[in-house]
Amino acid sequence: MSGPGALWRIARIGRPVTGRMLLAVAAGVAATGAAIGLTATSAWLISRASERPGVLDLMLAVTGVRAFGVSRGAFRYAERLAGHDAAFRILARLRSSAYIRLERLAPAGLAEFRSGDLLSRLVDDVDGLADLWLRVLLPYLIAGIAGAATVGLIALVVPAAALVLAATLIFVAFAVPVVTIRIARRGERRISAERGDLAAASLEVLEGSPEIMVAGATEARLAALAGIDRRLAAAEARTSTGSGAGTLLSGLATGVAVWFGLVAGIAALRAGQIEGVMLAVVALTPIAVHEATAGLVPAAAHLPGLAAMAARLLDVTSRPDTVVEPARPEPLPAGPYGLRSRGLRARYSPDAPDALLMPDFDVAPGGRLLVTGPSGSGKSTFAAVAVRFLEPSTGALELVGSDAETDIRRLAGDDVRRVICLCGQDPHVFDTSIAENVRMARPDATDDQVAAALGRAQLAPWINSLPDGLGTLVGEHGARLSGGQRQRLSLARALLADAPVVIFDEPTEHLDEATATALLGDLLAATAGRTVVMITHRPELIDSVEWATRVDLGSRRG
């Protein structure tokens, strides 16, 4: 989506807080008006005082200076308070809508994004979009209203000076930003992309540092990071050049307004149209007005970057759902549950080839299905379809209950995942305690229930040997766990969730033969009586196990 269109879609999210934004605009106009009034009144007071009038003749102006000086700070504070309150409310709506879409798209709809880049889009870009309201819309509305009011007042005194002032304000508000944007556009567009690349590359280096060091690729990876950083610095420098050019032109416009105001004021004074004390007011007021518009140049300079952020965010959130939830989900059939496949096919996008060509099979409740095949044959794709992470392109996968057989596409996704639990080949482990990692499967579970699930997953002896037991922290991404312990932790989650159908997707990945054989035995023993789907490319490890159904995907790919 183009930048302006993306910004418009993002801006619509702020409509529910329009009232708070208008309050911020009103306070900002009052603060700006007080600043302009302070300059104009001070100019009149100094000029009038030079004529040595009586003190009482100056009291109104003195009081006005004090009132404008105090109220300017108060109104500016109110503007900041209301503006930031509105921006943070909009930011909360933007975050929640982004994460809701993320939940609907994950994991199949996000496969092409690197984790660091995705994190940059959903954190840095979302946070940066708050500037659309704080640094663009709010300054423009305040400057527009305050500038128009001031031009109107000056027009009552010296129309020619008001005309020049209006022309310079329009120049600063629209022409200067065009110049600034033209200079900064390329840099701003690159900044978000380069930041995303830097975040992704940094995360990959940090997470893969042991492997990178072993491969002797440290220098090459650091050099690549340095290259990205140099490109980011160049983009930021180009943006700064645009801002600098805009500031220069804005300053020149202010000077033009002051000098022409002075010239027009002198002409009006000679013609007897104004008194002498008003000359300073006409000449100096443009300075205060242009101070109010000083924020428009950096505001405009933000627009290309904000448009790039909006486009990057919408590139993720505007993707179609990978799964279409039924408008009226059918209730789950009564358990126990088996599975049936008929002509099942799946692909990751409408124009992509089939990633899964599943042979037909029937698994009765409590039965065991073995799915084998080399990498790329569609084994993990089948697991994604089974838990409603991916929509079948044709055919059907049915949940077979005691009273009905129901196509899983007619069931709510959450209902399917309550019945079918997936233990992936790389289960995510959170940087918290063992107990909390398991309890995520059932938040209301007690410590005894968590311990029982861990015991059935054959982790009790290891946990009992730990000083902190269930409270032991596992480290970031489970860094303190072995591969087998991570898989058993995933099994404990499935057991705690009490899912009647359990799918194990490559549970022996990255494990040696002895550990893999022991783990498979523990997995099958712990899930006795449940319907089990074992997906593996190492069937020789469990040849001795009796399987109700075997499916070999071979090298099938569309």
# chains A, B, ... in the order shown; residues from 1 in each chain; ligands from 1
$ residues_around --residues "range 91-107 of chain A" --least-positions-apart "2" --cutoff "7 Å" --atoms "only C-alpha atoms" --output "ChimeraX atom specification"
/A:13,87-89,109-111,126-127,130,317,321-322,389
$ residues_around --residues "Leu296 in chain A" --least-positions-apart "6" --cutoff "8 Å" --atoms "only C-alpha atoms" --output "list of chain:residue names"
A:Val136, A:Pro139, A:Tyr140, A:Val172, A:Ala173, A:Pro177
$ write_last_selection --atoms "N, CA and C atoms" --output "short mmCIF file (atom, residue, chain, number, x, y, z; two decimals), in the first residue's frame"
data_model
loop_
_atom_site.label_atom_id
_atom_site.label_comp_id
_atom_site.auth_asym_id
_atom_site.auth_seq_id
_atom_site.Cartn_x
_atom_site.Cartn_y
_atom_site.Cartn_z
N VAL A 136 2.61 15.94 14.02
CA VAL A 136 2.15 16.37 12.70
C VAL A 136 0.77 17.03 12.79
N PRO A 139 0.49 20.02 15.70
CA PRO A 139 1.14 21.30 15.36
C PRO A 139 0.49 22.02 14.19
N TYR A 140 0.06 21.26 13.17
CA TYR A 140 -0.55 21.91 12.01
C TYR A 140 -1.89 22.56 12.36
N VAL A 172 5.69 28.71 4.70
CA VAL A 172 6.30 27.84 5.71
C VAL A 172 5.47 26.58 5.93
N ALA A 173 4.16 26.72 5.87
CA ALA A 173 3.28 25.57 6.16
C ALA A 173 3.22 24.56 5.03
N PRO A 177 7.69 22.54 3.64
CA PRO A 177 7.62 21.09 3.83
C PRO A 177 7.81 20.29 2.55
#
$ residues_around --residues "range 445-457 of chain A" --least-positions-apart "4" --cutoff "10 Å" --atoms "only C-alpha atoms" --output "NGL selection string"
:A and (434-441 or 461-463 or 469-470 or 485 or 487-498 or 519 or 522-527)
$ write_last_selection --atoms "C-alpha atoms" --output "PDB file, in the first residue's frame"
ATOM      1  CA  ILE A 434       9.420 -24.255  35.070  1.00  0.00           C
ATOM      2  CA  ALA A 435       6.025 -24.105  36.749  1.00  0.00           C
ATOM      3  CA  GLU A 436       4.893 -21.004  34.840  1.00  0.00           C
ATOM      4  CA  ASN A 437       6.060 -22.479  31.541  1.00  0.00           C
ATOM      5  CA  VAL A 438       3.867 -25.520  32.104  1.00  0.00           C
ATOM      6  CA  ARG A 439       0.974 -23.595  33.660  1.00  0.00           C
ATOM      7  CA  MET A 440       0.441 -21.606  30.468  1.00  0.00           C
ATOM      8  CA  ALA A 441      -1.506 -24.645  29.220  1.00  0.00           C
ATOM      9  CA  PRO A 461      13.663 -36.720  39.170  1.00  0.00           C
ATOM     10  CA  TRP A 462      15.418 -33.820  37.481  1.00  0.00           C
ATOM     11  CA  ILE A 463      13.155 -31.175  39.055  1.00  0.00           C
ATOM     12  CA  GLY A 469      12.334 -27.062  42.195  1.00  0.00           C
ATOM     13  CA  LEU A 470       9.348 -25.836  40.201  1.00  0.00           C
ATOM     14  CA  GLN A 485      13.987 -31.479  28.587  1.00  0.00           C
ATOM     15  CA  GLN A 487      10.367 -31.614  24.559  1.00  0.00           C
ATOM     16  CA  ARG A 488       9.289 -33.129  27.863  1.00  0.00           C
ATOM     17  CA  LEU A 489       8.280 -29.671  29.075  1.00  0.00           C
ATOM     18  CA  SER A 490       6.106 -29.359  25.964  1.00  0.00           C
ATOM     19  CA  LEU A 491       4.638 -32.790  26.713  1.00  0.00           C
ATOM     20  CA  ALA A 492       3.833 -31.668  30.276  1.00  0.00           C
ATOM     21  CA  ARG A 493       1.886 -28.757  28.854  1.00  0.00           C
ATOM     22  CA  ALA A 494      -0.149 -31.113  26.673  1.00  0.00           C
ATOM     23  CA  LEU A 495      -0.809 -33.422  29.614  1.00  0.00           C
ATOM     24  CA  LEU A 496      -1.849 -30.522  31.843  1.00  0.00           C
ATOM     25  CA  ALA A 497      -4.191 -29.260  29.105  1.00  0.00           C
ATOM     26  CA  ASP A 498      -5.667 -32.786  29.074  1.00  0.00           C
ATOM     27  CA  LEU A 519      12.265 -39.614  24.705  1.00  0.00           C
ATOM     28  CA  ASP A 522       8.420 -41.604  27.388  1.00  0.00           C
ATOM     29  CA  LEU A 523       6.140 -39.629  25.056  1.00  0.00           C
ATOM     30  CA  LEU A 524       4.162 -42.692  24.017  1.00  0.00           C
ATOM     31  CA  ALA A 525       3.931 -44.020  27.556  1.00  0.00           C
ATOM     32  CA  ALA A 526       2.667 -40.697  28.917  1.00  0.00           C
ATOM     33  CA  THR A 527      -0.028 -40.420  26.233  1.00  0.00           C
TER      34      THR A 527
END
$ closest_residue --among "A:Leu262, A:Ala199, A:Ala294, A:Ala268" --to "Leu169 in chain A" --atoms "only C-alpha atoms"
A:Ala294
$ atom_distance --atom1 "CA of His537 in chain A" --atom2 "CA of Phe361 in chain A"
18.7 Å
$ closest_residue --among "A:Ile36, A:Ala6, A:Leu163, A:Cys423" --to "Ala384 in chain A" --atoms "only C-alpha atoms"
A:Cys423
$ residues_around --residues "Asp197 in chain A" --least-positions-apart "6" --cutoff "10 Å" --atoms "only C-alpha atoms" --output "list of chain:residue names"
A:Arg114, A:Gly116, A:Asp117, A:Leu118, A:Ser120, A:Ile191, A:Leu203, A:Leu225, A:Ile228, A:Asp229, A:Leu232
$ write_last_selection --atoms "N, CA and C atoms" --output "mmCIF file, in the first residue's frame"
data_model
loop_
_atom_site.group_PDB
_atom_site.id
_atom_site.type_symbol
_atom_site.label_atom_id
_atom_site.label_comp_id
_atom_site.auth_asym_id
_atom_site.auth_seq_id
_atom_site.Cartn_x
_atom_site.Cartn_y
_atom_site.Cartn_z
ATOM 1 N N ARG A 114 11.396 -12.251 9.085
ATOM 2 C CA ARG A 114 12.393 -12.579 10.094
ATOM 3 C C ARG A 114 11.922 -12.034 11.439
ATOM 4 N N GLY A 116 13.398 -10.585 13.979
ATOM 5 C CA GLY A 116 13.852 -9.257 14.356
ATOM 6 C C GLY A 116 13.133 -8.166 13.577
ATOM 7 N N ASP A 117 12.916 -8.387 12.281
ATOM 8 C CA ASP A 117 12.206 -7.413 11.462
ATOM 9 C C ASP A 117 10.754 -7.308 11.897
ATOM 10 N N LEU A 118 10.134 -8.441 12.205
ATOM 11 C CA LEU A 118 8.751 -8.437 12.667
ATOM 12 C C LEU A 118 8.638 -7.692 13.991
ATOM 13 N N SER A 120 10.589 -5.295 15.007
ATOM 14 C CA SER A 120 10.767 -3.876 14.710
ATOM 15 C C SER A 120 9.470 -3.257 14.192
ATOM 16 N N ILE A 191 15.021 4.605 6.501
ATOM 17 C CA ILE A 191 15.313 4.484 7.931
ATOM 18 C C ILE A 191 14.570 3.302 8.553
ATOM 19 N N LEU A 203 19.584 -9.635 16.133
ATOM 20 C CA LEU A 203 18.976 -10.751 16.849
ATOM 21 C C LEU A 203 19.537 -12.082 16.368
ATOM 22 N N LEU A 225 26.787 -6.308 9.886
ATOM 23 C CA LEU A 225 26.067 -5.417 10.794
ATOM 24 C C LEU A 225 26.566 -3.985 10.645
ATOM 25 N N ILE A 228 25.060 -2.374 7.564
ATOM 26 C CA ILE A 228 23.677 -1.935 7.779
ATOM 27 C C ILE A 228 23.662 -0.648 8.592
ATOM 28 N N ASP A 229 24.519 -0.583 9.617
ATOM 29 C CA ASP A 229 24.577 0.611 10.462
ATOM 30 C C ASP A 229 25.019 1.833 9.666
ATOM 31 N N LEU A 232 22.097 3.003 7.614
ATOM 32 C CA LEU A 232 21.129 3.679 8.485
ATOM 33 C C LEU A 232 21.606 5.094 8.805
#
$ residues_around --residues "Leu81 in chain A" --least-positions-apart "2" --cutoff "12 Å" --atoms "only C-alpha atoms" --output "VMD selection string"
chain A and resid 20 to 21 23 to 25 27 to 28 74 to 79 83 to 88 134
$ write_last_selection --atoms "N, CA and C atoms" --output "PDB file, in the first residue's frame"
ATOM      1  N   ARG A  20     -10.653  14.367  22.680  1.00  0.00           N
ATOM      2  CA  ARG A  20      -9.436  14.683  23.426  1.00  0.00           C
ATOM      3  C   ARG A  20      -8.441  15.434  22.546  1.00  0.00           C
ATOM      4  N   MET A  21      -8.377  15.061  21.272  1.00  0.00           N
ATOM      5  CA  MET A  21      -7.486  15.789  20.368  1.00  0.00           C
ATOM      6  C   MET A  21      -7.959  17.235  20.202  1.00  0.00           C
ATOM      7  N   LEU A  23      -9.538  18.952  22.402  1.00  0.00           N
ATOM      8  CA  LEU A  23      -9.183  19.639  23.647  1.00  0.00           C
ATOM      9  C   LEU A  23      -7.708  20.052  23.621  1.00  0.00           C
ATOM     10  N   ALA A  24      -6.862  19.169  23.120  1.00  0.00           N
ATOM     11  CA  ALA A  24      -5.441  19.499  23.007  1.00  0.00           C
ATOM     12  C   ALA A  24      -5.233  20.648  22.021  1.00  0.00           C
ATOM     13  N   VAL A  25      -5.980  20.654  20.900  1.00  0.00           N
ATOM     14  CA  VAL A  25      -5.872  21.739  19.928  1.00  0.00           C
ATOM     15  C   VAL A  25      -6.300  23.064  20.559  1.00  0.00           C
ATOM     16  N   ALA A  27      -6.289  23.918  23.742  1.00  0.00           N
ATOM     17  CA  ALA A  27      -5.268  24.363  24.697  1.00  0.00           C
ATOM     18  C   ALA A  27      -4.027  24.870  23.982  1.00  0.00           C
ATOM     19  N   GLY A  28      -3.648  24.208  22.884  1.00  0.00           N
ATOM     20  CA  GLY A  28      -2.487  24.642  22.114  1.00  0.00           C
ATOM     21  C   GLY A  28      -2.712  25.997  21.458  1.00  0.00           C
ATOM     22  N   ALA A  74       0.528  27.607  31.486  1.00  0.00           N
ATOM     23  CA  ALA A  74      -0.587  26.767  31.922  1.00  0.00           C
ATOM     24  C   ALA A  74      -1.267  26.093  30.733  1.00  0.00           C
ATOM     25  N   PHE A  75      -1.516  26.877  29.687  1.00  0.00           N
ATOM     26  CA  PHE A  75      -2.169  26.301  28.512  1.00  0.00           C
ATOM     27  C   PHE A  75      -1.248  25.303  27.795  1.00  0.00           C
ATOM     28  N   ARG A  76       0.062  25.590  27.769  1.00  0.00           N
ATOM     29  CA  ARG A  76       0.983  24.655  27.122  1.00  0.00           C
ATOM     30  C   ARG A  76       0.993  23.323  27.865  1.00  0.00           C
ATOM     31  N   TYR A  77       0.947  23.383  29.193  1.00  0.00           N
ATOM     32  CA  TYR A  77       0.891  22.153  29.981  1.00  0.00           C
ATOM     33  C   TYR A  77      -0.399  21.390  29.683  1.00  0.00           C
ATOM     34  N   ALA A  78      -1.505  22.117  29.593  1.00  0.00           N
ATOM     35  CA  ALA A  78      -2.785  21.463  29.288  1.00  0.00           C
ATOM     36  C   ALA A  78      -2.742  20.823  27.908  1.00  0.00           C
ATOM     37  N   GLU A  79      -2.103  21.512  26.951  1.00  0.00           N
ATOM     38  CA  GLU A  79      -1.987  20.937  25.608  1.00  0.00           C
ATOM     39  C   GLU A  79      -1.174  19.645  25.629  1.00  0.00           C
ATOM     40  N   GLY A  83      -2.849  16.244  24.697  1.00  0.00           N
ATOM     41  CA  GLY A  83      -2.302  15.666  23.473  1.00  0.00           C
ATOM     42  C   GLY A  83      -1.671  14.303  23.706  1.00  0.00           C
ATOM     43  N   HIS A  84      -0.869  14.182  24.764  1.00  0.00           N
ATOM     44  CA  HIS A  84      -0.230  12.898  25.041  1.00  0.00           C
ATOM     45  C   HIS A  84      -1.248  11.862  25.512  1.00  0.00           C
ATOM     46  N   ASP A  85      -2.269  12.323  26.255  1.00  0.00           N
ATOM     47  CA  ASP A  85      -3.318  11.385  26.662  1.00  0.00           C
ATOM     48  C   ASP A  85      -4.016  10.816  25.434  1.00  0.00           C
ATOM     49  N   ALA A  86      -4.337  11.679  24.481  1.00  0.00           N
ATOM     50  CA  ALA A  86      -4.981  11.208  23.257  1.00  0.00           C
ATOM     51  C   ALA A  86      -4.053  10.292  22.461  1.00  0.00           C
ATOM     52  N   ALA A  87      -2.772  10.702  22.351  1.00  0.00           N
ATOM     53  CA  ALA A  87      -1.822   9.900  21.572  1.00  0.00           C
ATOM     54  C   ALA A  87      -1.616   8.529  22.193  1.00  0.00           C
ATOM     55  N   PHE A  88      -1.529   8.458  23.511  1.00  0.00           N
ATOM     56  CA  PHE A  88      -1.320   7.164  24.164  1.00  0.00           C
ATOM     57  C   PHE A  88      -2.557   6.276  24.047  1.00  0.00           C
ATOM     58  N   LEU A 134       0.967  13.596  17.507  1.00  0.00           N
ATOM     59  CA  LEU A 134       1.666  14.557  18.366  1.00  0.00           C
ATOM     60  C   LEU A 134       2.518  15.547  17.576  1.00  0.00           C
TER      61      LEU A 134
END
$ select_by_dssp --residues "range 201-441 of chain A" --states "alpha helix (DSSP H)" --output "count of residues only"
125
$ residues_around --residues "Leu129 in chain A" --least-positions-apart "3" --cutoff "9 Å" --atoms "only C-alpha atoms" --output "PDB file with C-alpha atoms, in the first residue's frame"
ATOM      1  CA  ILE A  10      -3.700   4.451  10.408  1.00  0.00           C
ATOM      2  CA  LEU A  91      -1.275   4.022  20.558  1.00  0.00           C
ATOM      3  CA  LEU A  94      -3.050   0.623  17.474  1.00  0.00           C
ATOM      4  CA  ASP A 124       9.337   0.468  16.879  1.00  0.00           C
ATOM      5  CA  ASP A 125       7.022   1.284  13.975  1.00  0.00           C
ATOM      6  CA  VAL A 126       3.865   1.136  16.094  1.00  0.00           C
ATOM      7  CA  LEU A 132       1.422  11.288  13.496  1.00  0.00           C
ATOM      8  CA  TRP A 133      -0.872  12.873  16.070  1.00  0.00           C
ATOM      9  CA  LEU A 306       5.639   7.855   9.207  1.00  0.00           C
ATOM     10  CA  ALA A 307       4.297   6.774   5.816  1.00  0.00           C
ATOM     11  CA  MET A 309       6.211   2.922   9.136  1.00  0.00           C
ATOM     12  CA  ALA A 310       2.509   2.739   8.314  1.00  0.00           C
TER      13      ALA A 310
END
$ select_by_dssp --residues "range 192-391 of chain A" --states "strand (DSSP E or B)" --output "NGL selection string"
:A and (338-346 or 356-357 or 361-363 or 368-372)
